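Peer 1: Structure provided below as structure tokens; questions to follow.
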Amino acid sequence: MRFCLLIMAKSPVPGQVKTRLCPPLSAEEAADVAAASLLDTISAALDTPGAVPVVALAGVVRREDVRDALAECVVVPQRGTSFAERLVHAHADIARFRMPVLQIGMDTPQVTPSLLESCAEFGEAALGFALDGGWWALGLRDPLRAAVLRDVPMSRADTGALTLEALRGLEVRTLPVLSDVDTMADARAVARQVPGGRFAAALAQAAAVAR
């Protein structure tokens with residue numbers, strides 16, 4: 001089955017990404033960790049059977065390794081002021097592909113091609129809750145259905161529950177629960193799950209982690 005694998009991403013610019021990792025990380029180290037997370041996510045997406053990787057990108061990418069990875073994907077600019085608005089617009093922008101969509105972020109570098117492929121198997125919708133009460137994955141047979149996200153408060157402990165409520169009326173498959181990377185505790189836990197990935201290497205190389 002062909003499906004659109006939509007990744008919501010932010011350019012890894014120091015001081016603008018993963019600021020909750022600072023301290024102990026410096027802004028530059030946090031940006032390196034964010035870049036590694038995005039690269040691991042894109043790699044998994046590119047290796048997922050049936051997936052058409054699309055990155056909805058905010059910001060200007062200055063890192064060559066990230067630019068090279070993005071060159072292998074369809075890239076669309078994020079539009080809107082709030083994160084909820086950007087989600088709605090990103091889903092609307094990829095509706096032209098006329099495929100079901102599985103949308104994830106760049107904060108779950110532990111995803112694998114087999115996990116993403118299995119998560120793309122749903123009827124009308126799918127939702128993967130995050131351990132912090134949010135969600136890490138949203139599947140929609142019709143991407144335009146994402147319009148219901150416009151009024152859902154994001155980045156809260158009840159965002160997952162409120163998103164599920166917004167999808168009421170659709171048959172929603174519950175996906176595996178994952179931890180996304182917001183804090184250092186999250187980062188260390190995720191790195192232990194994928195010790196061979198870029199994310200774990202970037203975290204290990206950060207000077208503040210060793211102090």
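The way I read the labels, and the way they are meant: chains A, B, ... in the order of the structure tokens, residue 1 as the first residue of every chain, and ligand 1 as the first ligand shown, with later ones counted on from there.
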Just the residues within 8 Å of range 38-55 of chain A, please, counting only C-alpha atoms, with nothing from its chain fewer than 2 positions along; format it as a ChimeraX atom specification.
Peer 2: /A:1-9,34-36,57,66,69-70,72-76,106-114,116-117,197-199
Peer 1: Using DSSP assignments from the backbone, pull out every residue in chain A that falls under strand (DSSP E) and give it to me as a JSON list (two decimals) with C-alpha atoms, in the first residue's frame.
Peer 2:
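Below is the file that was written, selection_31.json:
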```
[["chain", "number", "residue", "atom", "x", "y", "z"],
["A", 3, "PHE", "CA", 0.91, 6.18, 1.68],
["A", 4, "CYS", "CA", 2.30, 9.62, 2.41],
["A", 5, "LEU", "CA", 4.68, 9.68, 5.37],
["A", 6, "LEU", "CA", 4.51, 13.29, 6.51],
["A", 7, "ILE", "CA", 7.28, 14.53, 8.83],
["A", 8, "MET", "CA", 6.77, 17.84, 10.62],
["A", 9, "ALA", "CA", 10.26, 19.29, 11.01],
["A", 10, "LYS", "CA", 12.03, 22.42, 12.16],
["A", 51, "ALA", "CA", 6.03, 5.33, 1.96],
["A", 52, "VAL", "CA", 6.29, 8.58, 0.03],
["A", 53, "PRO", "CA", 8.32, 10.74, 2.46],
["A", 54, "VAL", "CA", 7.23, 14.38, 2.66],
["A", 55, "VAL", "CA", 8.83, 16.86, 5.04],
["A", 56, "ALA", "CA", 6.85, 19.91, 6.11],
["A", 57, "LEU", "CA", 9.71, 22.22, 7.00],
["A", 58, "ALA", "CA", 9.92, 25.36, 9.13],
["A", 74, "VAL", "CA", 9.32, 16.01, -1.10],
["A", 75, "VAL", "CA", 9.63, 19.21, 0.92],
["A", 76, "VAL", "CA", 6.78, 21.65, 1.57],
["A", 77, "PRO", "CA", 7.03, 24.81, 3.71],
["A", 101, "VAL", "CA", -1.21, 9.98, 5.39],
["A", 102, "LEU", "CA", 0.78, 8.94, 8.42],
["A", 103, "GLN", "CA", 2.14, 12.06, 10.09],
["A", 104, "ILE", "CA", 4.98, 12.03, 12.60],
["A", 125, "ALA", "CA", -7.67, 7.09, 11.27],
["A", 126, "ALA", "CA", -4.90, 6.14, 13.69],
["A", 127, "LEU", "CA", -3.36, 7.85, 16.70],
["A", 128, "GLY", "CA", -0.15, 7.07, 18.56],
["A", 129, "PHE", "CA", -0.01, 8.54, 22.05],
["A", 130, "ALA", "CA", 3.23, 9.82, 23.56],
["A", 135, "TRP", "CA", 0.82, 12.15, 20.47],
["A", 136, "TRP", "CA", 3.65, 11.18, 18.14],
["A", 137, "ALA", "CA", 1.75, 9.83, 15.12],
["A", 138, "LEU", "CA", -1.53, 10.59, 13.36],
["A", 139, "GLY", "CA", -2.92, 8.57, 10.50],
["A", 140, "LEU", "CA", -5.76, 9.77, 8.29],
["A", 172, "VAL", "CA", -9.44, 5.30, 15.16],
["A", 173, "ARG", "CA", -6.78, 2.62, 15.48],
["A", 174, "THR", "CA", -4.58, 3.05, 18.57],
["A", 175, "LEU", "CA", -0.88, 2.85, 17.72],
["A", 176, "PRO", "CA", 1.99, 1.90, 20.05],
["A", 177, "VAL", "CA", 2.89, 4.46, 22.72],
["A", 178, "LEU", "CA", 6.32, 6.07, 22.28]]
```
Peer 1: Interatomic distance between CA of Glu85 in chain A and CA of Leu144 in chain A?
Peer 2: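 Separation between CA of Glu85 in chain A and CA of Leu144 in chain A: 12.6 Å.
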Peer 1: Might you pull out every residue within 7 Å of range 25-31 of chain A, with only C-alpha atoms counted and same-chain residues fewer than 4 positions away left off, and present them as a ChimeraX atom specification?
Peer 2: /A:12-15,17-19,21,35,206,208
Peer 1: Nearest to Ser179 in chain A: which of A:Ala161, A:Arg156, A:Gly134, A:Leu167 is it, counting only C-alpha atoms?
Peer 2: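 Counting only C-alpha atoms, the residue closest to Ser179 in chain A is A:Gly134.
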Peer 1: Report, in Å with one decimal, the straight-line distance from CA of Leu170 in chain A to CA of Asp182 in chain A.
Peer 2: 29.7 Å
Peer 1: Can you list every residue of range 20-117 of chain A that has an atom at most 10 Å from range 149-155 of chain A, with its nearest atom pair and the distance in Å to one decimal, using only C-alpha atoms, ordered by chain then number, as CSV?
Peer 2:
```
residue,atom,partner,partner_atom,distance
A:Ser82,CA,A:Arg150,CA,8.8
A:Phe83,CA,A:Met154,CA,7.1
A:Ala84,CA,A:Arg150,CA,5.1
A:Glu85,CA,A:Arg150,CA,5.6
A:Arg86,CA,A:Arg150,CA,8.8
A:Leu87,CA,A:Leu149,CA,7.4
A:Val88,CA,A:Arg150,CA,6.5
A:His89,CA,A:Arg150,CA,9.5
```
Peer 1: Those same residues, written as an mmCIF file, in the first residue's frame with N, CA, C and O atoms?
Peer 2:
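Wrote part.cif, looks like this:
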```cif
data_model
loop_
_atom_site.group_PDB
_atom_site.id
_atom_site.type_symbol
_atom_site.label_atom_id
_atom_site.label_comp_id
_atom_site.auth_asym_id
_atom_site.auth_seq_id
_atom_site.Cartn_x
_atom_site.Cartn_y
_atom_site.Cartn_z
ATOM 1 N N SER A 82 0.214 29.175 14.684
ATOM 2 C CA SER A 82 0.269 28.164 15.742
ATOM 3 C C SER A 82 0.668 26.813 15.142
ATOM 4 O O SER A 82 0.556 26.576 13.937
ATOM 5 N N PHE A 83 1.144 25.914 16.018
ATOM 6 C CA PHE A 83 1.508 24.582 15.546
ATOM 7 C C PHE A 83 0.287 23.844 15.008
ATOM 8 O O PHE A 83 0.377 23.127 14.007
ATOM 9 N N ALA A 84 -0.861 24.042 15.641
ATOM 10 C CA ALA A 84 -2.080 23.399 15.159
ATOM 11 C C ALA A 84 -2.400 23.846 13.730
ATOM 12 O O ALA A 84 -2.759 23.021 12.876
ATOM 13 N N GLU A 85 -2.253 25.131 13.466
ATOM 14 C CA GLU A 85 -2.503 25.633 12.106
ATOM 15 C C GLU A 85 -1.508 25.044 11.109
ATOM 16 O O GLU A 85 -1.867 24.686 9.984
ATOM 17 N N ARG A 86 -0.249 24.921 11.519
ATOM 18 C CA ARG A 86 0.752 24.359 10.612
ATOM 19 C C ARG A 86 0.458 22.895 10.301
ATOM 20 O O ARG A 86 0.684 22.441 9.174
ATOM 21 N N LEU A 87 -0.043 22.169 11.290
ATOM 22 C CA LEU A 87 -0.445 20.786 11.050
ATOM 23 C C LEU A 87 -1.569 20.714 10.024
ATOM 24 O O LEU A 87 -1.523 19.916 9.078
ATOM 25 N N VAL A 88 -2.581 21.535 10.214
ATOM 26 C CA VAL A 88 -3.731 21.540 9.307
ATOM 27 C C VAL A 88 -3.285 21.853 7.881
ATOM 28 O O VAL A 88 -3.663 21.167 6.918
ATOM 29 N N HIS A 89 -2.456 22.883 7.725
ATOM 30 C CA HIS A 89 -2.003 23.272 6.387
ATOM 31 C C HIS A 89 -1.125 22.199 5.755
ATOM 32 O O HIS A 89 -1.216 21.953 4.544
#
```
Peer 1: Based on the backbone DSSP call, show me all residues of range 137-184 of chain A assigned alpha helix (DSSP H), as a ChimeraX atom specification.
Peer 2: /A:159-166,184
Peer 1: Grab the CA of Thr163 in chain A to CA of Gln78 in chain A distance for me, in Å with one decimal place.
Peer 2: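 If I compute the distance from CA of Thr163 in chain A to CA of Gln78 in chain A, I get 20.2 Å.
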